[in-house]
Amino acid sequence: MSTYIALFRGINVGGKNSLPMKELVALLNGLGARNVKTYMQSGNAIFQSTEKEPLHLSQKIGAEIKARCGFDPCVLVLGLDEIEKTIAENPFPEAETDPSTLHLGFLACTPENPDLKKLESLKKESERFHLRGSVFYLHAPEGVGRSKLAASSEKLLGVPMTDRNWRTVCKIREMATERSPLFC
């Protein structure tokens, strides 16, 4: 069995696309996932599966949510190794001391034609970003809520994205690695 992390975009936000975490756990168990654990109400799940293809898992989970709940969320399924690599490759390690200012945008795929010039033109002087494969790193010391760069990044990258702050990414990894010995 492999350890996976599912990142859901747009569930339980502003009263829309409601999917209580208990229902998500039951849904994942029904699809054959084991040792399911969730983190926060906005959609992070850690689980084990015999499935070898994360994309296939994403599609199965999305289809089941659509069938049960009537909406079709973006679901990204990553292996534990991908989360570890994403953390290790953080281009802004000095920002880790203030984890709410460092955000990682997990992309559905590597962008083919990202508009990096436009992204550069939108950033504040204090902001920095780096696109590495299918991860968009953003350091926004003044917060992402008022950042034009953060607000426009998905559109200018041209692929679906779900964002997590550094604290959340580290907590997800911690939960996944705590559970790993149970998965052997």
# chains A, B, ... in the order shown; residues from 1 in each chain; ligands from 1
$ select_by_dssp --residues "range 3-106 of chain A" --states "strand (DSSP E)" --output "PyMOL selection string"
chain A and resi 3-9+34-38+44-49+74-79+102-106
$ write_last_selection --atoms "N, CA and C atoms" --output "PDB file, in the first residue's frame"
ATOM      1  N   THR A   3       1.089   5.558   0.528  1.00  0.00           N
ATOM      2  CA  THR A   3       0.502   6.683   1.240  1.00  0.00           C
ATOM      3  C   THR A   3       0.245   7.809   0.257  1.00  0.00           C
ATOM      4  N   TYR A   4      -0.969   8.353   0.314  1.00  0.00           N
ATOM      5  CA  TYR A   4      -1.358   9.443  -0.569  1.00  0.00           C
ATOM      6  C   TYR A   4      -1.916  10.603   0.232  1.00  0.00           C
ATOM      7  N   ILE A   5      -1.820  11.770  -0.380  1.00  0.00           N
ATOM      8  CA  ILE A   5      -2.420  12.985   0.158  1.00  0.00           C
ATOM      9  C   ILE A   5      -3.374  13.507  -0.900  1.00  0.00           C
ATOM     10  N   ALA A   6      -4.626  13.696  -0.528  1.00  0.00           N
ATOM     11  CA  ALA A   6      -5.607  14.277  -1.446  1.00  0.00           C
ATOM     12  C   ALA A   6      -5.856  15.717  -1.010  1.00  0.00           C
ATOM     13  N   LEU A   7      -5.708  16.626  -1.960  1.00  0.00           N
ATOM     14  CA  LEU A   7      -5.971  18.044  -1.735  1.00  0.00           C
ATOM     15  C   LEU A   7      -7.204  18.414  -2.538  1.00  0.00           C
ATOM     16  N   PHE A   8      -8.206  18.922  -1.853  1.00  0.00           N
ATOM     17  CA  PHE A   8      -9.469  19.269  -2.487  1.00  0.00           C
ATOM     18  C   PHE A   8      -9.557  20.779  -2.612  1.00  0.00           C
ATOM     19  N   ARG A   9     -10.021  21.231  -3.739  1.00  0.00           N
ATOM     20  CA  ARG A   9     -10.191  22.661  -3.959  1.00  0.00           C
ATOM     21  C   ARG A   9     -11.669  22.993  -3.960  1.00  0.00           C
ATOM     22  N   ARG A  34      -7.615   3.182   3.035  1.00  0.00           N
ATOM     23  CA  ARG A  34      -7.479   2.701   4.407  1.00  0.00           C
ATOM     24  C   ARG A  34      -6.763   3.751   5.242  1.00  0.00           C
ATOM     25  N   ASN A  35      -6.980   3.691   6.557  1.00  0.00           N
ATOM     26  CA  ASN A  35      -6.301   4.584   7.494  1.00  0.00           C
ATOM     27  C   ASN A  35      -6.474   6.055   7.104  1.00  0.00           C
ATOM     28  N   VAL A  36      -7.691   6.423   6.761  1.00  0.00           N
ATOM     29  CA  VAL A  36      -7.988   7.780   6.297  1.00  0.00           C
ATOM     30  C   VAL A  36      -7.966   8.745   7.473  1.00  0.00           C
ATOM     31  N   LYS A  37      -7.309   9.858   7.269  1.00  0.00           N
ATOM     32  CA  LYS A  37      -7.265  10.924   8.268  1.00  0.00           C
ATOM     33  C   LYS A  37      -7.419  12.241   7.515  1.00  0.00           C
ATOM     34  N   THR A  38      -8.188  13.165   8.084  1.00  0.00           N
ATOM     35  CA  THR A  38      -8.366  14.469   7.441  1.00  0.00           C
ATOM     36  C   THR A  38      -7.713  15.554   8.284  1.00  0.00           C
ATOM     37  N   ASN A  44      -8.277  18.288   3.115  1.00  0.00           N
ATOM     38  CA  ASN A  44      -6.974  17.631   3.055  1.00  0.00           C
ATOM     39  C   ASN A  44      -7.180  16.244   3.650  1.00  0.00           C
ATOM     40  N   ALA A  45      -6.792  15.220   2.927  1.00  0.00           N
ATOM     41  CA  ALA A  45      -6.950  13.859   3.426  1.00  0.00           C
ATOM     42  C   ALA A  45      -5.668  13.073   3.188  1.00  0.00           C
ATOM     43  N   ILE A  46      -5.312  12.281   4.166  1.00  0.00           N
ATOM     44  CA  ILE A  46      -4.165  11.394   4.075  1.00  0.00           C
ATOM     45  C   ILE A  46      -4.728   9.983   4.171  1.00  0.00           C
ATOM     46  N   PHE A  47      -4.271   9.100   3.298  1.00  0.00           N
ATOM     47  CA  PHE A  47      -4.799   7.741   3.308  1.00  0.00           C
ATOM     48  C   PHE A  47      -3.824   6.786   2.624  1.00  0.00           C
ATOM     49  N   GLN A  48      -4.135   5.519   2.722  1.00  0.00           N
ATOM     50  CA  GLN A  48      -3.396   4.457   2.064  1.00  0.00           C
ATOM     51  C   GLN A  48      -4.265   3.853   0.994  1.00  0.00           C
ATOM     52  N   SER A  49      -3.624   3.399  -0.068  1.00  0.00           N
ATOM     53  CA  SER A  49      -4.364   2.725  -1.123  1.00  0.00           C
ATOM     54  C   SER A  49      -3.440   1.768  -1.864  1.00  0.00           C
ATOM     55  N   CYS A  74     -12.145  19.996  -7.755  1.00  0.00           N
ATOM     56  CA  CYS A  74     -10.803  19.672  -8.228  1.00  0.00           C
ATOM     57  C   CYS A  74     -10.153  18.857  -7.114  1.00  0.00           C
ATOM     58  N   VAL A  75      -9.676  17.669  -7.445  1.00  0.00           N
ATOM     59  CA  VAL A  75      -9.036  16.792  -6.478  1.00  0.00           C
ATOM     60  C   VAL A  75      -7.647  16.463  -6.992  1.00  0.00           C
ATOM     61  N   LEU A  76      -6.637  16.828  -6.232  1.00  0.00           N
ATOM     62  CA  LEU A  76      -5.268  16.476  -6.579  1.00  0.00           C
ATOM     63  C   LEU A  76      -4.787  15.423  -5.591  1.00  0.00           C
ATOM     64  N   VAL A  77      -4.292  14.328  -6.094  1.00  0.00           N
ATOM     65  CA  VAL A  77      -3.765  13.276  -5.243  1.00  0.00           C
ATOM     66  C   VAL A  77      -2.262  13.200  -5.472  1.00  0.00           C
ATOM     67  N   LEU A  78      -1.532  13.332  -4.378  1.00  0.00           N
ATOM     68  CA  LEU A  78      -0.074  13.328  -4.428  1.00  0.00           C
ATOM     69  C   LEU A  78       0.462  12.194  -3.566  1.00  0.00           C
ATOM     70  N   GLY A  79       1.585  11.639  -3.988  1.00  0.00           N
ATOM     71  CA  GLY A  79       2.268  10.665  -3.156  1.00  0.00           C
ATOM     72  C   GLY A  79       3.048  11.377  -2.061  1.00  0.00           C
ATOM     73  N   LEU A 102       4.028  32.065   3.478  1.00  0.00           N
ATOM     74  CA  LEU A 102       4.560  31.198   2.424  1.00  0.00           C
ATOM     75  C   LEU A 102       3.465  30.244   1.968  1.00  0.00           C
ATOM     76  N   HIS A 103       3.118  30.326   0.692  1.00  0.00           N
ATOM     77  CA  HIS A 103       2.038  29.510   0.133  1.00  0.00           C
ATOM     78  C   HIS A 103       2.555  28.665  -1.010  1.00  0.00           C
ATOM     79  N   LEU A 104       1.993  27.470  -1.111  1.00  0.00           N
ATOM     80  CA  LEU A 104       2.327  26.563  -2.192  1.00  0.00           C
ATOM     81  C   LEU A 104       1.053  26.288  -2.970  1.00  0.00           C
ATOM     82  N   GLY A 105       1.088  26.592  -4.243  1.00  0.00           N
ATOM     83  CA  GLY A 105      -0.027  26.309  -5.127  1.00  0.00           C
ATOM     84  C   GLY A 105       0.246  24.989  -5.830  1.00  0.00           C
ATOM     85  N   PHE A 106      -0.546  23.988  -5.526  1.00  0.00           N
ATOM     86  CA  PHE A 106      -0.393  22.686  -6.165  1.00  0.00           C
ATOM     87  C   PHE A 106      -1.239  22.703  -7.439  1.00  0.00           C
TER      88      PHE A 106
END
$ select_by_dssp --residues "range 8-182 of chain A" --states "alpha helix (DSSP H)" --output "VMD selection string"
chain A and resid 21 to 30 54 to 69 80 to 88 116 to 122 148 to 157 166 to 179
$ residues_around --residues "Ala140 in chain A" --least-positions-apart "4" --cutoff "8 Å" --atoms "only C-alpha atoms" --output "PyMOL selection string"
chain A and resi 101-103+126-128+144+147
$ write_last_selection --atoms "C-alpha atoms" --output "mmCIF file, in the first residue's frame"
data_model
loop_
_atom_site.group_PDB
_atom_site.id
_atom_site.type_symbol
_atom_site.label_atom_id
_atom_site.label_comp_id
_atom_site.auth_asym_id
_atom_site.auth_seq_id
_atom_site.Cartn_x
_atom_site.Cartn_y
_atom_site.Cartn_z
ATOM 1 C CA THR A 101 3.263 34.145 4.441
ATOM 2 C CA LEU A 102 4.560 31.198 2.424
ATOM 3 C CA HIS A 103 2.038 29.510 0.133
ATOM 4 C CA SER A 126 7.915 42.484 -1.003
ATOM 5 C CA GLU A 127 6.507 39.450 -2.847
ATOM 6 C CA ARG A 128 8.399 36.646 -4.507
ATOM 7 C CA VAL A 144 -2.216 36.765 0.258
ATOM 8 C CA SER A 147 -2.131 40.290 -3.145
#
$ closest_residue --among "A:His139, A:Lys124, A:Lys118, A:Lys171" --to "Lys155 in chain A" --atoms "only C-alpha atoms"
A:Lys118
$ closest_residue --among "A:Gln41, A:Thr50, A:Thr97, A:Asn29" --to "Glu64 in chain A" --atoms "only C-alpha atoms"
A:Asn29
$ atom_distance --atom1 "CA of Pro99 in chain A" --atom2 "CA of Asn165 in chain A"
6.6 Å
